[in-house]
Amino acid sequence: MILIEKGELAPGINQFRVGEGIIIGTDTTGERNIKGAYQDTVKLVAEVIELKKKPSVPIGEIGRDGFGNKPHFKDKGTRLRAILAIGRQDVILEKLIPEDSRIELLGGSSDHLILDVTESNDVFYVGKEIYFTLSYGTMLSLMTSEYVEKFYI
């Protein structure tokens with residue numbers, strides 16, 4: 001992509017593989033957004049299924065999760081947490097980018113995503129939809145998941 005923009009493409013090349021650039025407007029090799037391209041053509045919309053104030057550090061002994069990892073928690077006091085109906089079976093959770101930058105992604109399980117929504121100015125409730133911008137990897141996993149409903153507008 002950078003070679004095209006700089007006009008430095010080798011003579012004779014008449015095809016160029018742009019990959020994610022044509023769909024989500026990003027250039028992986030240059031780790032950047034492509035000027036003039038849209039980065040919001042594909043989004044994830046996930047619904048809040050639980051909303052509660054909870055301590056930021058779980059009470060009791062912390063064990064391993066279903067994937068063998070032992071999570072670590074920073075003590076921030078009581079926080080407003082939202083659980084969304086999407087999980088690791090559908091998407092690479094760590095690569096999701098909430099559109100509201102004040103939302104913090106905490107982790108998740110095979111079928112749930114946990115967010116800290118305390119700092120957001122938005123009003124949250126069960127049934128609220130939260131929007132995410134996607135990287136190529138998250139888009140790929142969502143599009144191939146049979147559990148994610150896809151809409152084309």
# chains A, B, ... in the order shown; residues from 1 in each chain; ligands from 1
$ select_by_dssp --residues "chain A" --states "strand (DSSP E)" --output "PyMOL selection string"
chain A and resi 26-27+32-33+43-55+78-84+97-98+104-108+113-116+129-133
$ residues_around --residues "region 96-111 of chain A" --least-positions-apart "6" --cutoff "6 Å" --atoms "only C-alpha atoms" --output "ChimeraX atom specification"
/A:86-89,117,119-120,131-133
$ residues_around --residues "Lys76 (chain A)" --least-positions-apart "5" --cutoff "8 Å" --atoms "only C-alpha atoms" --output "list in words"
Pro55, Ser56 and Val57 of chain A
$ write_last_selection --atoms "N, CA and C atoms" --output "PDB file, in the first residue's frame"
ATOM      1  N   PRO A  55     -16.967  -5.561  42.868  1.00  0.00           N
ATOM      2  CA  PRO A  55     -15.586  -5.197  43.199  1.00  0.00           C
ATOM      3  C   PRO A  55     -14.658  -5.543  42.036  1.00  0.00           C
ATOM      4  N   SER A  56     -13.637  -4.719  41.838  1.00  0.00           N
ATOM      5  CA  SER A  56     -12.723  -4.955  40.719  1.00  0.00           C
ATOM      6  C   SER A  56     -11.824  -6.165  40.945  1.00  0.00           C
ATOM      7  N   VAL A  57     -11.674  -6.571  42.196  1.00  0.00           N
ATOM      8  CA  VAL A  57     -10.915  -7.785  42.520  1.00  0.00           C
ATOM      9  C   VAL A  57     -11.898  -8.794  43.106  1.00  0.00           C
TER      10      VAL A  57
END
$ closest_residue --among "A:Ala10, A:Gly137, A:Gln15, A:Pro58" --to "Lys74 (chain A)" --atoms "only C-alpha atoms"
A:Pro58
$ closest_residue --among "A:Lys128, A:Lys70, A:Arg79, A:Arg17" --to "Ile49 (chain A)" --atoms "only C-alpha atoms"
A:Lys128
$ residues_around --residues "Val126 (chain A)" --least-positions-apart "2" --cutoff "12 Å" --atoms "only C-alpha atoms" --output "PyMOL selection string"
chain A and resi 46-52+81-85+123-124+128-130
$ write_last_selection --atoms "C-alpha atoms" --output "mmCIF file, in the first residue's frame"
data_model
loop_
_atom_site.group_PDB
_atom_site.id
_atom_site.type_symbol
_atom_site.label_atom_id
_atom_site.label_comp_id
_atom_site.auth_asym_id
_atom_site.auth_seq_id
_atom_site.Cartn_x
_atom_site.Cartn_y
_atom_site.Cartn_z
ATOM 1 C CA ALA A 46 -23.120 -6.931 21.166
ATOM 2 C CA GLU A 47 -25.935 -6.776 23.697
ATOM 3 C CA VAL A 48 -25.595 -6.212 27.451
ATOM 4 C CA ILE A 49 -27.129 -9.228 29.216
ATOM 5 C CA GLU A 50 -26.108 -8.321 32.788
ATOM 6 C CA LEU A 51 -25.183 -5.056 34.488
ATOM 7 C CA LYS A 52 -24.014 -4.889 38.116
ATOM 8 C CA ARG A 81 -19.551 -4.108 34.954
ATOM 9 C CA ALA A 82 -21.435 -5.137 31.850
ATOM 10 C CA ILE A 83 -21.539 -8.684 30.566
ATOM 11 C CA LEU A 84 -22.161 -9.004 26.826
ATOM 12 C CA ALA A 85 -23.503 -11.961 24.864
ATOM 13 C CA VAL A 123 -26.390 5.160 30.219
ATOM 14 C CA PHE A 124 -26.223 1.377 30.403
ATOM 15 C CA LYS A 128 -28.277 -1.960 25.402
ATOM 16 C CA GLU A 129 -26.155 -2.491 22.313
ATOM 17 C CA ILE A 130 -22.438 -1.704 22.485
#
$ closest_residue --among "A:Leu9, A:Leu140, A:Ile153, A:Ile62" --to "Thr41 (chain A)" --atoms "only C-alpha atoms"
A:Ile153
$ closest_residue --among "A:Val45, A:Asp65, A:Ile92, A:Asp122" --to "Val148 (chain A)" --atoms "only C-alpha atoms"
A:Val45
$ select_by_dssp --residues "region 12-106 of chain A" --states "alpha helix (DSSP H)" --output "list in words"
Gly21, Ile22, Ile23 and Ile24 of chain A
$ write_last_selection --atoms "C-alpha atoms" --output "compact mmCIF listing (two decimals), in the first residue's frame"
# COMPACT_ATOMS: atom_id res chain seq x y z
CA GLY A 21 -7.44 -2.35 3.32
CA ILE A 22 -10.41 -2.62 1.01
CA ILE A 23 -12.79 -3.78 3.76
CA ILE A 24 -11.73 -2.01 6.95
$ atom_distance --atom1 "CA of Glu5 (chain A)" --atom2 "CA of Met139 (chain A)"
25.4 Å
$ atom_distance --atom1 "CA of Asp90 (chain A)" --atom2 "CA of Gly68 (chain A)"
18.5 Å
$ closest_residue --among "A:Leu3, A:Val18, A:Gly25, A:Thr144" --to "Asp40 (chain A)" --atoms "only C-alpha atoms"
A:Gly25
$ atom_distance --atom1 "CA of Glu149 (chain A)" --atom2 "CA of Asn33 (chain A)"
26.8 Å
$ closest_residue --among "A:Ser135, A:Asn69, A:Thr78, A:Asn121" --to "Asp27 (chain A)" --atoms "only C-alpha atoms"
A:Ser135
$ decode --residues "region 113-125 of chain A" --atoms "N, CA and C atoms" --output "PDB file, in the first residue's frame"
ATOM      1  N   LEU A 113     -18.428 -11.603  27.315  1.00  0.00           N
ATOM      2  CA  LEU A 113     -17.411 -10.562  27.344  1.00  0.00           C
ATOM      3  C   LEU A 113     -17.709  -9.666  28.537  1.00  0.00           C
ATOM      4  N   ILE A 114     -16.688  -9.347  29.327  1.00  0.00           N
ATOM      5  CA  ILE A 114     -16.863  -8.518  30.515  1.00  0.00           C
ATOM      6  C   ILE A 114     -16.219  -7.158  30.277  1.00  0.00           C
ATOM      7  N   LEU A 115     -17.001  -6.108  30.502  1.00  0.00           N
ATOM      8  CA  LEU A 115     -16.542  -4.735  30.318  1.00  0.00           C
ATOM      9  C   LEU A 115     -16.700  -3.945  31.601  1.00  0.00           C
ATOM     10  N   ASP A 116     -15.789  -3.004  31.819  1.00  0.00           N
ATOM     11  CA  ASP A 116     -15.939  -2.005  32.878  1.00  0.00           C
ATOM     12  C   ASP A 116     -16.459  -0.759  32.183  1.00  0.00           C
ATOM     13  N   VAL A 117     -17.691  -0.366  32.516  1.00  0.00           N
ATOM     14  CA  VAL A 117     -18.324   0.783  31.861  1.00  0.00           C
ATOM     15  C   VAL A 117     -18.436   1.985  32.794  1.00  0.00           C
ATOM     16  N   THR A 118     -17.750   1.932  33.927  1.00  0.00           N
ATOM     17  CA  THR A 118     -17.840   2.962  34.963  1.00  0.00           C
ATOM     18  C   THR A 118     -17.506   4.350  34.435  1.00  0.00           C
ATOM     19  N   GLU A 119     -16.475   4.482  33.630  1.00  0.00           N
ATOM     20  CA  GLU A 119     -15.989   5.790  33.177  1.00  0.00           C
ATOM     21  C   GLU A 119     -16.775   6.361  32.003  1.00  0.00           C
ATOM     22  N   SER A 120     -17.624   5.576  31.381  1.00  0.00           N
ATOM     23  CA  SER A 120     -18.390   6.042  30.231  1.00  0.00           C
ATOM     24  C   SER A 120     -19.466   7.028  30.663  1.00  0.00           C
ATOM     25  N   ASN A 121     -19.758   7.971  29.807  1.00  0.00           N
ATOM     26  CA  ASN A 121     -20.834   8.934  30.048  1.00  0.00           C
ATOM     27  C   ASN A 121     -22.181   8.410  29.582  1.00  0.00           C
ATOM     28  N   ASP A 122     -22.169   7.260  28.940  1.00  0.00           N
ATOM     29  CA  ASP A 122     -23.392   6.666  28.410  1.00  0.00           C
ATOM     30  C   ASP A 122     -24.228   6.053  29.534  1.00  0.00           C
ATOM     31  N   VAL A 123     -25.498   5.829  29.273  1.00  0.00           N
ATOM     32  CA  VAL A 123     -26.390   5.160  30.219  1.00  0.00           C
ATOM     33  C   VAL A 123     -26.484   3.699  29.790  1.00  0.00           C
ATOM     34  N   PHE A 124     -26.219   2.802  30.721  1.00  0.00           N
ATOM     35  CA  PHE A 124     -26.223   1.377  30.403  1.00  0.00           C
ATOM     36  C   PHE A 124     -27.413   0.694  31.047  1.00  0.00           C
ATOM     37  N   TYR A 125     -27.897  -0.357  30.374  1.00  0.00           N
ATOM     38  CA  TYR A 125     -29.030  -1.141  30.861  1.00  0.00           C
ATOM     39  C   TYR A 125     -28.989  -2.485  30.136  1.00  0.00           C
TER      40      TYR A 125
END
